[in-house]
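Trainee: Got a structure for you, query_6.tsv, holding TSV, C-alpha atoms.
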```tsv
chain	number	residue	atom	x	y	z
A	1	MET	CA	77.67	103.32	79.66
A	2	THR	CA	80.08	101.87	77.10
A	3	HIS	CA	80.50	98.15	76.41
A	4	HIS	CA	83.52	96.12	75.31
A	5	ARG	CA	84.22	92.51	74.56
A	6	VAL	CA	87.10	92.28	77.08
A	7	VAL	CA	87.78	94.84	79.81
A	8	VAL	CA	91.07	94.68	81.72
A	9	ILE	CA	91.34	96.49	85.06
A	10	GLY	CA	94.91	97.63	85.64
A	11	GLY	CA	97.58	98.89	83.27
A	12	GLY	CA	100.59	97.41	85.02
A	13	ASN	CA	102.64	94.39	83.98
A	14	ALA	CA	99.69	91.98	84.31
A	15	GLY	CA	97.11	94.13	82.56
A	16	LEU	CA	99.17	95.22	79.57
A	17	SER	CA	100.82	91.88	78.90
A	18	VAL	CA	97.54	89.94	79.03
A	19	ALA	CA	95.80	92.57	76.88
A	20	GLY	CA	98.63	92.37	74.35
A	21	ARG	CA	98.44	88.58	74.26
A	22	LEU	CA	94.67	88.64	73.75
A	23	HIS	CA	95.01	91.03	70.84
A	24	ARG	CA	97.73	88.88	69.28
A	25	LEU	CA	95.40	85.88	69.61
A	26	GLY	CA	92.85	87.72	67.49
A	27	VAL	CA	90.54	88.99	70.22
A	28	GLU	CA	89.13	92.35	69.15
A	29	ASP	CA	87.82	95.18	71.32
A	30	VAL	CA	90.14	94.80	74.32
A	31	VAL	CA	90.39	97.86	76.58
A	32	VAL	CA	92.49	98.60	79.66
A	33	ILE	CA	91.28	100.76	82.55
A	34	GLU	CA	94.26	102.62	84.00
A	35	PRO	CA	94.41	106.15	85.48
A	36	ARG	CA	98.18	106.65	85.64
A	37	GLU	CA	100.04	108.55	82.94
A	38	GLN	CA	103.31	106.80	83.73
A	39	HIS	CA	104.24	103.11	83.73
A	40	ARG	CA	106.78	101.91	86.28
A	41	PHE	CA	109.09	98.90	86.09
A	42	GLN	CA	109.19	97.90	89.75
A	43	PRO	CA	111.92	95.19	89.65
A	44	LEU	CA	114.47	97.95	89.09
A	45	PHE	CA	113.46	99.75	92.31
A	46	SER	CA	115.79	97.43	94.26
A	47	HIS	CA	118.68	98.34	91.99
A	48	VAL	CA	117.93	102.05	92.41
A	49	ALA	CA	117.85	101.74	96.20
A	50	GLY	CA	121.13	99.81	96.08
A	51	GLY	CA	122.82	102.41	93.88
A	52	ARG	CA	122.98	100.29	90.71
A	53	ALA	CA	120.38	102.05	88.55
A	54	ARG	CA	118.90	105.51	88.03
A	55	LEU	CA	115.30	106.17	88.98
A	56	SER	CA	114.61	107.57	85.51
A	57	THR	CA	115.21	104.10	84.00
A	58	THR	CA	112.20	102.69	85.86
A	59	VAL	CA	109.51	104.85	84.26
A	60	ARG	CA	108.08	105.55	80.80
A	61	PRO	CA	104.88	107.19	79.54
A	62	GLN	CA	101.90	104.86	79.86
A	63	ALA	CA	100.96	105.63	76.26
A	64	ALA	CA	104.32	104.23	75.09
A	65	ALA	CA	103.85	101.06	77.15
A	66	MET	CA	100.38	100.26	75.76
A	67	PRO	CA	100.25	97.32	73.31
A	68	ARG	CA	99.13	98.16	69.77
A	69	GLY	CA	95.48	97.55	69.05
A	70	VAL	CA	94.44	97.78	72.72
A	71	GLY	CA	92.17	100.59	73.94
A	72	TRP	CA	92.86	102.72	77.00
A	73	ILE	CA	90.24	104.14	79.38
A	74	ARG	CA	92.10	106.80	81.41
A	75	ASP	CA	90.16	106.36	84.61
A	76	ALA	CA	90.30	104.28	87.79
A	77	ALA	CA	88.06	101.38	88.67
A	78	ALA	CA	86.02	102.04	91.82
A	79	GLY	CA	83.77	98.99	91.87
A	80	ILE	CA	82.64	95.87	90.00
A	81	GLU	CA	79.07	94.64	89.55
A	82	PRO	CA	79.52	91.08	88.22
A	83	GLU	CA	75.78	90.45	88.33
A	84	HIS	CA	75.37	93.25	85.76
A	85	ASP	CA	78.67	92.67	83.88
A	86	ALA	CA	79.76	96.22	84.66
A	87	VAL	CA	82.74	98.13	86.08
A	88	VAL	CA	82.07	101.34	88.01
A	89	LEU	CA	84.63	104.08	87.34
A	90	ALA	CA	85.96	106.64	89.80
A	91	SER	CA	84.58	109.38	87.53
A	92	GLY	CA	81.08	107.96	87.95
A	93	GLY	CA	80.87	106.27	84.57
A	94	ARG	CA	80.24	102.59	83.91
A	95	VAL	CA	81.83	100.14	81.50
A	96	GLY	CA	80.06	96.96	80.43
A	97	TYR	CA	81.91	93.81	79.40
A	98	ASP	CA	81.51	90.35	77.94
A	99	HIS	CA	84.57	89.22	79.89
A	100	LEU	CA	86.49	90.97	82.65
A	101	VAL	CA	90.15	90.54	83.64
A	102	VAL	CA	90.90	91.90	87.13
A	103	CYS	CA	94.54	92.80	87.79
A	104	PRO	CA	94.78	96.15	89.63
A	105	GLY	CA	97.84	95.07	91.60
A	106	ILE	CA	98.30	95.16	95.35
A	107	GLN	CA	98.20	97.99	97.87
A	108	LEU	CA	100.74	98.87	100.55
A	109	ASP	CA	99.05	98.95	103.98
A	110	TRP	CA	101.24	101.42	105.87
A	111	ASP	CA	98.65	101.84	108.65
A	112	ARG	CA	98.67	98.17	109.65
A	113	ILE	CA	101.90	98.65	111.63
A	114	PRO	CA	101.49	101.22	114.43
A	115	GLY	CA	103.64	104.26	113.75
A	116	LEU	CA	104.91	103.22	110.32
A	117	ALA	CA	102.78	105.61	108.26
A	118	ALA	CA	104.08	108.55	110.29
A	119	ALA	CA	107.64	107.21	110.41
A	120	ILE	CA	107.94	106.99	106.64
A	121	ARG	CA	107.77	110.79	106.56
A	122	THR	CA	110.71	111.19	108.96
A	123	PRO	CA	114.31	111.63	107.73
A	124	ALA	CA	115.69	108.18	108.60
A	125	VAL	CA	112.91	105.94	107.24
A	126	ALA	CA	112.31	105.00	103.59
A	127	SER	CA	111.07	102.14	101.40
A	128	HIS	CA	112.13	100.94	97.96
A	129	TYR	CA	108.61	99.55	97.41
A	130	GLU	CA	107.21	103.03	96.80
A	131	TYR	CA	108.29	104.98	93.69
A	132	GLU	CA	108.24	108.29	95.57
A	133	LEU	CA	110.53	106.87	98.30
A	134	VAL	CA	113.10	104.93	96.26
A	135	ALA	CA	115.48	107.86	95.82
A	136	LYS	CA	115.29	108.56	99.56
A	137	ALA	CA	116.18	104.94	100.33
A	138	SER	CA	119.13	105.10	97.94
A	139	ARG	CA	120.43	108.29	99.52
A	140	LEU	CA	120.12	106.99	103.09
A	141	LEU	CA	121.95	103.74	102.31
A	142	ARG	CA	124.65	105.49	100.27
A	143	ASP	CA	125.43	108.10	102.92
A	144	LEU	CA	125.45	105.79	105.97
A	145	ARG	CA	128.97	105.39	107.41
A	146	ARG	CA	128.29	103.94	110.87
A	147	GLY	CA	125.35	102.92	113.05
A	148	THR	CA	122.44	100.50	112.73
A	149	VAL	CA	120.31	99.84	109.66
A	150	VAL	CA	117.21	97.64	109.70
A	151	PHE	CA	115.54	96.01	106.69
A	152	THR	CA	112.08	94.45	106.99
A	153	GLN	CA	110.13	91.86	105.01
A	154	PRO	CA	106.36	91.69	105.65
A	155	PRO	CA	104.35	88.58	106.55
A	156	GLY	CA	101.48	87.42	104.39
A	157	PRO	CA	100.98	87.92	100.66
A	158	ALA	CA	103.32	90.52	99.15
A	159	LYS	CA	104.60	91.37	95.70
A	160	CYS	CA	107.98	89.68	95.28
A	161	ALA	CA	108.51	89.45	99.03
A	162	GLY	CA	112.15	88.47	98.55
A	163	ALA	CA	112.80	91.87	96.97
A	164	ALA	CA	112.73	93.25	100.52
A	165	GLN	CA	116.22	91.77	100.94
A	166	LYS	CA	117.81	92.94	97.69
A	167	PRO	CA	118.89	96.51	98.65
A	168	MET	CA	120.44	95.07	101.82
A	169	TYR	CA	122.88	92.87	99.92
A	170	LEU	CA	123.67	95.66	97.45
A	171	ALA	CA	124.28	98.13	100.27
A	172	CYS	CA	126.47	95.68	102.22
A	173	ASP	CA	128.62	95.09	99.16
A	174	TYR	CA	128.95	98.86	98.70
A	175	TRP	CA	129.83	99.43	102.37
A	176	ARG	CA	132.42	96.66	102.20
A	177	ALA	CA	133.98	98.22	99.10
A	178	THR	CA	134.15	101.64	100.81
A	179	GLY	CA	135.60	100.17	104.01
A	180	VAL	CA	132.74	100.98	106.41
A	181	LEU	CA	130.84	97.68	106.64
A	182	GLY	CA	132.58	96.83	109.91
A	183	ASP	CA	131.14	99.98	111.49
A	184	ILE	CA	127.55	99.22	110.46
A	185	ARG	CA	125.17	96.86	112.23
A	186	VAL	CA	122.78	95.32	109.69
A	187	VAL	CA	119.54	93.66	110.87
A	188	MET	CA	117.13	91.83	108.57
A	189	VAL	CA	113.61	90.94	109.81
A	190	VAL	CA	112.04	87.95	108.02
A	191	PRO	CA	108.66	86.40	108.95
A	192	ASP	CA	109.50	82.89	107.77
A	193	PRO	CA	111.46	80.16	109.62
A	194	THR	CA	114.37	80.54	107.18
A	195	VAL	CA	115.62	83.34	104.99
A	196	PHE	CA	113.69	82.05	101.97
A	197	GLY	CA	112.20	78.57	102.36
A	198	ILE	CA	114.05	76.38	99.85
A	199	PRO	CA	117.18	74.62	101.20
A	200	GLU	CA	119.28	75.25	98.08
A	201	ILE	CA	118.45	78.97	98.09
A	202	ASP	CA	118.75	79.26	101.87
A	203	ARG	CA	122.31	77.93	101.70
A	204	GLU	CA	123.35	80.55	99.13
A	205	LEU	CA	121.69	83.42	101.00
A	206	ASP	CA	122.92	82.26	104.42
A	207	ARG	CA	126.45	82.23	103.03
A	208	LYS	CA	126.12	85.86	101.90
A	209	ILE	CA	124.47	86.84	105.19
A	210	ALA	CA	127.44	85.40	107.10
A	211	GLU	CA	129.87	87.05	104.67
A	212	TYR	CA	128.36	90.48	105.32
A	213	GLY	CA	127.85	89.92	109.05
A	214	ILE	CA	124.07	90.48	108.85
A	215	GLU	CA	121.94	89.76	111.94
A	216	LEU	CA	119.02	87.71	110.62
A	217	ARG	CA	115.79	87.67	112.63
A	218	THR	CA	113.74	84.79	111.24
A	219	GLY	CA	110.19	84.07	112.38
A	220	SER	CA	109.84	87.75	113.25
A	221	GLU	CA	107.71	90.71	112.27
A	222	VAL	CA	107.55	94.43	112.95
A	223	GLN	CA	105.12	95.34	115.73
A	224	SER	CA	105.59	99.12	115.83
A	225	VAL	CA	107.87	101.93	114.64
A	226	ASP	CA	108.70	105.30	116.22
A	227	GLY	CA	110.22	107.49	113.52
A	228	GLU	CA	111.03	110.41	115.82
A	229	ARG	CA	112.90	108.27	118.35
A	230	ARG	CA	114.24	106.00	115.61
A	231	THR	CA	113.15	102.78	117.28
A	232	ILE	CA	111.53	99.66	115.89
A	233	GLU	CA	109.82	96.93	117.91
A	234	ILE	CA	110.23	93.39	116.60
A	235	GLY	CA	108.39	90.32	117.86
A	236	SER	CA	108.01	86.65	117.03
A	237	THR	CA	105.30	85.66	114.57
A	238	HIS	CA	104.21	83.10	117.20
A	239	GLY	CA	104.02	85.53	120.12
A	240	GLY	CA	106.37	86.01	123.04
A	241	PRO	CA	108.65	88.85	124.16
A	242	SER	CA	109.53	91.64	121.74
A	243	GLU	CA	112.84	93.38	121.01
A	244	THR	CA	113.33	97.10	120.52
A	245	ILE	CA	116.16	98.25	118.26
A	246	ARG	CA	117.35	101.81	117.82
A	247	PHE	CA	118.19	102.47	114.17
A	248	ASP	CA	119.98	105.10	112.13
A	249	VAL	CA	118.28	103.96	108.90
A	250	LEU	CA	115.16	101.87	108.39
A	251	ASN	CA	114.14	100.46	105.02
A	252	ALA	CA	110.61	99.21	105.63
A	253	VAL	CA	108.34	97.07	103.47
A	254	PRO	CA	104.75	97.24	104.78
A	255	PRO	CA	102.07	94.53	104.86
A	256	GLN	CA	100.03	94.31	101.67
A	257	SER	CA	96.53	93.39	100.51
A	258	ALA	CA	94.17	93.81	97.57
A	259	PRO	CA	92.92	97.36	96.90
A	260	ASP	CA	90.19	98.44	99.34
A	261	TRP	CA	87.62	98.99	96.58
A	262	LEU	CA	88.17	95.40	95.38
A	263	LYS	CA	87.60	94.05	98.89
A	264	ASP	CA	84.15	95.64	98.84
A	265	THR	CA	83.07	93.67	95.75
A	266	SER	CA	81.69	90.11	95.66
A	267	LEU	CA	84.80	88.78	93.85
A	268	PRO	CA	86.95	87.79	96.87
A	269	ALA	CA	86.21	84.52	98.62
A	270	PRO	CA	83.95	84.91	101.67
A	271	GLY	CA	86.10	85.48	104.73
A	272	ASP	CA	89.22	86.45	102.77
A	273	ASP	CA	90.48	89.50	104.68
A	274	GLY	CA	93.11	90.13	102.02
A	275	GLY	CA	90.41	90.76	99.44
A	276	PHE	CA	92.04	88.78	96.63
A	277	VAL	CA	89.93	87.63	93.68
A	278	GLU	CA	88.71	84.05	94.08
A	279	VAL	CA	89.91	82.14	91.03
A	280	ASP	CA	90.73	78.61	90.05
A	281	PRO	CA	94.51	78.73	90.67
A	282	GLU	CA	95.20	76.75	87.49
A	283	THR	CA	92.81	78.21	84.90
A	284	LEU	CA	92.69	81.70	86.54
A	285	ARG	CA	88.93	81.82	85.95
A	286	HIS	CA	86.64	83.01	88.75
A	287	VAL	CA	84.99	80.11	90.56
A	288	ARG	CA	81.54	81.80	90.71
A	289	TYR	CA	81.48	84.20	87.75
A	290	PRO	CA	82.59	82.39	84.55
A	291	ASN	CA	83.17	85.62	82.59
A	292	VAL	CA	85.53	87.05	85.23
A	293	TRP	CA	89.26	86.27	85.31
A	294	SER	CA	92.16	87.43	87.45
A	295	LEU	CA	95.94	87.18	87.61
A	296	GLY	CA	98.91	88.80	89.25
A	297	ASP	CA	99.08	90.35	92.69
A	298	ALA	CA	95.29	90.74	93.10
A	299	ALA	CA	94.47	87.08	92.36
A	300	ALA	CA	94.04	84.47	95.10
A	301	THR	CA	96.51	82.02	93.58
A	302	ARG	CA	98.86	79.77	95.56
A	303	ASN	CA	102.11	81.01	94.05
A	304	SER	CA	104.56	83.58	95.36
A	305	LYS	CA	103.60	86.87	93.68
A	306	SER	CA	106.21	88.10	91.18
A	307	GLY	CA	106.71	89.41	87.67
A	308	GLY	CA	108.08	86.04	86.64
A	309	ALA	CA	104.85	84.38	87.76
A	310	LEU	CA	102.94	86.84	85.57
A	311	ARG	CA	104.76	85.72	82.43
A	312	LYS	CA	103.33	82.23	82.91
A	313	GLN	CA	99.92	83.43	84.06
A	314	THR	CA	99.31	85.83	81.16
A	315	LYS	CA	99.86	83.06	78.61
A	316	VAL	CA	97.51	80.67	80.41
A	317	LEU	CA	94.78	83.26	80.99
A	318	ALA	CA	94.90	84.73	77.49
A	319	GLU	CA	94.70	81.33	75.78
A	320	ASN	CA	91.92	80.14	78.10
A	321	LEU	CA	89.86	83.31	77.64
A	322	ALA	CA	90.34	83.22	73.87
A	323	ALA	CA	89.18	79.58	73.86
A	324	VAL	CA	86.05	80.43	75.85
A	325	LEU	CA	85.23	83.24	73.42
A	326	GLU	CA	85.30	80.63	70.66
A	327	GLY	CA	82.96	78.34	72.59
A	328	TRP	CA	85.56	75.95	73.99
A	329	GLU	CA	86.42	75.01	77.56
A	330	PRO	CA	89.68	76.36	79.06
A	331	THR	CA	92.41	73.72	78.93
A	332	ARG	CA	95.59	75.63	79.79
A	333	ARG	CA	96.88	75.21	83.35
A	334	TYR	CA	99.16	77.47	85.39
A	335	ASN	CA	101.68	75.38	87.36
A	336	GLY	CA	102.39	77.86	90.17
A	337	TYR	CA	105.76	78.96	88.77
A	338	SER	CA	107.44	82.02	90.29
A	339	VAL	CA	110.92	83.50	90.34
A	340	CYS	CA	112.97	85.78	92.57
A	341	PRO	CA	116.41	86.99	91.44
A	342	PHE	CA	118.29	87.87	94.63
A	343	THR	CA	120.92	90.55	93.97
A	344	VAL	CA	123.40	89.30	96.56
A	345	SER	CA	126.18	91.69	95.49
A	346	ARG	CA	126.65	94.57	93.09
A	347	SER	CA	127.55	92.14	90.32
A	348	THR	CA	126.02	88.73	91.16
A	349	VAL	CA	122.54	87.22	91.53
A	350	VAL	CA	121.08	84.05	93.06
A	351	PHE	CA	118.28	83.08	90.66
A	352	ALA	CA	115.45	81.30	92.51
A	353	GLU	CA	112.84	79.62	90.29
A	354	PHE	CA	110.19	77.62	92.16
A	355	ASP	CA	106.57	76.49	92.15
A	356	ASP	CA	103.71	77.00	94.62
A	357	ARG	CA	105.02	74.15	96.79
A	358	TYR	CA	108.47	75.74	96.99
A	359	ARG	CA	110.15	73.16	94.79
A	360	LEU	CA	112.90	74.34	92.47
A	361	THR	CA	111.49	74.67	88.94
A	362	PRO	CA	114.31	75.78	86.63
A	363	THR	CA	113.34	77.17	83.25
A	364	ILE	CA	116.42	75.45	81.81
A	365	PRO	CA	116.06	71.93	83.28
A	366	PHE	CA	119.63	70.83	82.57
A	367	TRP	CA	121.05	73.94	84.31
A	368	ARG	CA	119.92	73.34	87.88
A	369	THR	CA	122.87	75.27	89.33
A	370	LEU	CA	121.34	78.51	88.08
A	371	SER	CA	120.18	78.88	91.69
A	372	ARG	CA	123.78	79.54	92.75
A	373	GLU	CA	125.42	82.95	92.88
A	374	ARG	CA	126.41	83.95	89.34
A	375	ARG	CA	127.60	86.96	87.38
A	376	LEU	CA	125.61	85.79	84.33
A	377	SER	CA	122.36	85.99	86.30
A	378	TRP	CA	123.21	89.60	87.21
A	379	LEU	CA	123.64	90.55	83.56
A	380	PHE	CA	120.27	89.03	82.74
A	381	ASP	CA	118.44	90.61	85.69
A	382	ARG	CA	119.95	94.08	85.41
A	383	HIS	CA	120.39	94.58	81.66
A	384	ILE	CA	118.53	92.01	79.54
A	385	LEU	CA	115.27	91.71	81.49
A	386	PRO	CA	114.44	95.46	81.46
A	387	TRP	CA	114.76	95.54	77.66
A	388	VAL	CA	112.62	92.41	77.32
A	389	TYR	CA	110.04	93.94	79.66
A	390	TRP	CA	109.58	97.21	77.77
A	391	HIS	CA	109.77	95.78	74.25
A	392	MET	CA	108.29	92.28	74.51
A	393	ILE	CA	106.50	91.43	77.76
A	394	LEU	CA	104.25	94.50	77.81
A	395	LYS	CA	103.41	93.93	74.15
A	396	GLY	CA	102.24	90.36	74.79
A	397	ARG	CA	105.18	88.86	72.91
A	398	ALA	CA	107.06	87.13	75.75
```
Written as structure tokens, that's how I'd like the structure from this file.
Mentor:
Amino acid sequence: MTHHRVVVIGGGNAGLSVAGRLHRLGVEDVVVIEPREQHRFQPLFSHVAGGRARLSTTVRPQAAAMPRGVGWIRDAAAGIEPEHDAVVLASGGRVGYDHLVVCPGIQLDWDRIPGLAAAIRTPAVASHYEYELVAKASRLLRDLRRGTVVFTQPPGPAKCAGAAQKPMYLACDYWRATGVLGDIRVVMVVPDPTVFGIPEIDRELDRKIAEYGIELRTGSEVQSVDGERRTIEIGSTHGGPSETIRFDVLNAVPPQSAPDWLKDTSLPAPGDDGGFVEVDPETLRHVRYPNVWSLGDAAATRNSKSGGALRKQTKVLAENLAAVLEGWEPTRRYNGYSVCPFTVSRSTVVFAEFDDRYRLTPTIPFWRTLSRERRLSWLFDRHILPWVYWHMILKGRA
């Protein structure tokens, strides 16, 4: 059994950026537990599916993504024993810690929708939420010339849930440019009462939905999928009769939850079926284990889960943890900020910045119209943000 001052579970955006920040704050002996040899930049998956980026631009070696001065345990976490300050590894080893940061991400629960796990292996069904399926989604959307295509957004907690809509807008813009949009029926299934939930953003998205002729099914969720027959059953989130649609292409985003191994630990709140780590949503410190912290998709915070939320969370958590290591109380507070850049065409974006009560929270206060469709937002989302991610965010510098 090895022992470290700070152990971080997860080498994704959350894990690497918080580890990098801790090291830059002078915290020594920080290690990250991560089994993957490749690091993936998931926000670009939507652009790949919509034909605006290559899949190769979304991945780099994990070794190149690691912040300097941070250790790497190339293994997977299989359990946590907070009473013994230890992490159990998939290889059978154990790692002790003074403080633990839990951020293994979120898992895609394909089996929670009857038929979806089998359907994803059939020719007409794909998902841009899975690295191995992004190229398939891109090909299906690119080659469609007529018929029905269905896009789905899952209910409940999900990583950047609004990203479920992005390939739809990109594909519609492409089909319009190639003259086939009029021959394609586009259906979008959304679990919420409106397309997003903030009036200013809803107006912008509703305008694009009308422009493309998209059939929006609000307050709805997928009840079952038959990949062989190419049918999807959709029902109201409040019960009632269901609707069956025959599709030619289905881009599905499944329900999501914390990793199964994390659910089996004592870190989630009692009765939390999602298995998310029970933390103070402002300090990001566990409410029962003071040397355990969590952020990102696996944390039971109130915000909408997104990479933009992580940028705020990593700063708060790192500064609070560093303060505790020096004997002080945590004073930094996370305000619930999140962001979703909606790619509503192949060259424009609606930039939604909001807090955990779905109030607009612009980063540039005097530029409140940033939430409107803009070309400038596209340039930032597609070209500037990826560079910032690889060179600054993952290194704990932004």
Trainee: Can you list, as a short mmCIF file (atom, residue, chain, number, x, y, z; two decimals) with C-alpha atoms, in the coordinates of the input, every protein, DNA or RNA residue that comes within 8 Å of A:Glu37 when you count all atoms listed in the file, leaving out same-chain residues fewer than 6 positions away?
Mentor:
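The resulting file, selection-v6.cif, is shown below:
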```cif
data_model
loop_
_atom_site.label_atom_id
_atom_site.label_comp_id
_atom_site.auth_asym_id
_atom_site.auth_seq_id
_atom_site.Cartn_x
_atom_site.Cartn_y
_atom_site.Cartn_z
CA PRO A 61 104.88 107.19 79.54
CA GLN A 62 101.90 104.86 79.86
CA ALA A 63 100.96 105.63 76.26
#
```
Trainee: Would you work out the distance separating atom CA of A:Ile214 from atom CA of A:Pro114, expressed in Å to one decimal?
Mentor: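 These atoms are spaced 25.6 Å apart.
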Trainee: Which residues of stretch 95-211 of chain A have any atom within 12 Å of an atom in stretch 359-383 of chain A when counting only C-alpha atoms, and what is the closest pair of atoms for each, with the distance in Å to one decimal? Order the rows by chain and rising number and write it as a tab-separated table.
Mentor:
```
residue	atom	partner	partner_atom	distance
A:Leu170	CA	A:Trp378	CA	11.9
A:Phe196	CA	A:Arg359	CA	12.0
A:Gly197	CA	A:Arg359	CA	9.5
A:Ile198	CA	A:Arg359	CA	7.2
A:Pro199	CA	A:Arg359	CA	9.6
A:Glu200	CA	A:Ser371	CA	7.4
A:Ile201	CA	A:Ser371	CA	6.6
A:Asp202	CA	A:Ser371	CA	10.3
A:Arg203	CA	A:Arg372	CA	9.2
A:Glu204	CA	A:Arg372	CA	6.5
A:Leu205	CA	A:Glu373	CA	8.9
A:Asp206	CA	A:Glu373	CA	11.8
A:Arg207	CA	A:Glu373	CA	10.2
A:Lys208	CA	A:Glu373	CA	9.5
```
Trainee: Using all atoms listed in the file for the distances, tell me which of A:Leu55, A:Arg36, A:Ala119, A:Gly274 is nearest to A:Trp261.
Mentor: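 Checking each of A:Leu55, A:Arg36, A:Ala119, A:Gly274 against A:Trp261, counting all atoms listed in the file, the winner is A:Gly274.
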Trainee: Could you give me, as a count of residues only, the residues within 6 Å of A:Leu89, counting all atoms listed in the file and dropping anything in the same chain fewer than 6 positions from it?
Mentor: 3
Trainee: If you measure from atom CA of A:Thr152 to atom CA of A:Phe41, what distance in Å do you get, rounded to one decimal?
Mentor: 21.6 Å
Trainee: Enumerate, in order of chain and increasing residue number, the residues of stretch 65-156 of chain A with an atom no farther than 6 Å from stretch 296-310 of chain A, each with its shortest atom pair and distance in Å to one decimal, counting only C-alpha atoms, as a tab-separated table.
Mentor:
```
residue	atom	partner	partner_atom	distance
A:Cys103	CA	A:Ala298	CA	5.7
A:Gly105	CA	A:Asp297	CA	5.0
A:Ile106	CA	A:Asp297	CA	5.6
```
Trainee: Which residue out of A:Ser257, A:Thr265, A:Ser17, A:Ser294 has the minimum interatomic distance to A:Leu321 when all atoms listed in the file are used?
Mentor: A:Ser294
Trainee: Expressed in Å to a single decimal, how great is the separation between atom CA of A:Gly235 and atom CA of A:Lys159?
Mentor: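 Atom CA of A:Lys159 lies 22.5 Å from atom CA of A:Gly235.
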Trainee: Between A:Arg246, A:His238, A:Arg52, A:Val186, which has the minimum distance to A:Ile209 (counting all atoms listed in the file)?
Mentor: A:Val186
Trainee: Counting all atoms listed in the file, which of A:Ala171, A:Val48, A:Leu100, A:Val222 gets nearest to A:His128?
Mentor: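 For A:His128, the nearest of the given residues is A:Val48.
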Trainee: Of the candidates A:Val18, A:Leu133, A:Ala124, A:Ile9, which one gets nearest to A:Arg74 if we count only C-alpha atoms?
Mentor: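 Counting only C-alpha atoms, the residue closest to A:Arg74 is A:Ile9.
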Trainee: Give me the residues near A:Tyr174 as a PyMOL selection string, where near means some atom within 12 Å (using all atoms listed in the file) and where sequence neighbours in that chain fewer than 6 positions away do not count.
Mentor: chain A and resi 49-52+138+141-145+167-168+180-182+184+212+344-347
Trainee: Can I get the selected residues back with C-alpha atoms, as an mmCIF file, in the frame of the given file?
Mentor:
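What follows is the written file again11.cif:
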```cif
data_model
loop_
_atom_site.group_PDB
_atom_site.id
_atom_site.type_symbol
_atom_site.label_atom_id
_atom_site.label_comp_id
_atom_site.auth_asym_id
_atom_site.auth_seq_id
_atom_site.Cartn_x
_atom_site.Cartn_y
_atom_site.Cartn_z
ATOM 1 C CA ALA A 49 117.850 101.740 96.200
ATOM 2 C CA GLY A 50 121.130 99.810 96.080
ATOM 3 C CA GLY A 51 122.820 102.410 93.880
ATOM 4 C CA ARG A 52 122.980 100.290 90.710
ATOM 5 C CA SER A 138 119.130 105.100 97.940
ATOM 6 C CA LEU A 141 121.950 103.740 102.310
ATOM 7 C CA ARG A 142 124.650 105.490 100.270
ATOM 8 C CA ASP A 143 125.430 108.100 102.920
ATOM 9 C CA LEU A 144 125.450 105.790 105.970
ATOM 10 C CA ARG A 145 128.970 105.390 107.410
ATOM 11 C CA PRO A 167 118.890 96.510 98.650
ATOM 12 C CA MET A 168 120.440 95.070 101.820
ATOM 13 C CA VAL A 180 132.740 100.980 106.410
ATOM 14 C CA LEU A 181 130.840 97.680 106.640
ATOM 15 C CA GLY A 182 132.580 96.830 109.910
ATOM 16 C CA ILE A 184 127.550 99.220 110.460
ATOM 17 C CA TYR A 212 128.360 90.480 105.320
ATOM 18 C CA VAL A 344 123.400 89.300 96.560
ATOM 19 C CA SER A 345 126.180 91.690 95.490
ATOM 20 C CA ARG A 346 126.650 94.570 93.090
ATOM 21 C CA SER A 347 127.550 92.140 90.320
#
```
Trainee: I'd like the contact shell of A:Asp109 - 9 Å cut-off, only C-alpha atoms, skipping same-chain residues fewer than 2 positions apart - returned as a short mmCIF file (atom, residue, chain, number, x, y, z; two decimals) with C-alpha atoms, in the frame of the given file.
Mentor:
```cif
data_model
loop_
_atom_site.label_atom_id
_atom_site.label_comp_id
_atom_site.auth_asym_id
_atom_site.auth_seq_id
_atom_site.Cartn_x
_atom_site.Cartn_y
_atom_site.Cartn_z
CA GLN A 107 98.20 97.99 97.87
CA ASP A 111 98.65 101.84 108.65
CA ARG A 112 98.67 98.17 109.65
CA ILE A 113 101.90 98.65 111.63
CA ALA A 117 102.78 105.61 108.26
CA PRO A 254 104.75 97.24 104.78
CA PRO A 255 102.07 94.53 104.86
CA GLN A 256 100.03 94.31 101.67
CA SER A 257 96.53 93.39 100.51
#
```
Trainee: Counting only C-alpha atoms, which residue out of A:Glu326, A:Asp272, A:Glu228, A:Asp280 sits closest to A:Ala118?
Mentor: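 For A:Ala118, the nearest of the candidates is A:Glu228.
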Trainee: Neighbourhood query: residues within 12 Å of (114.6, 101.6, 117.5), file coordinates, counting only C-alpha atoms; return as number ranges by chain.
Mentor: A: 115, 119, 124-125, 147-150, 187, 222-234, 242-250
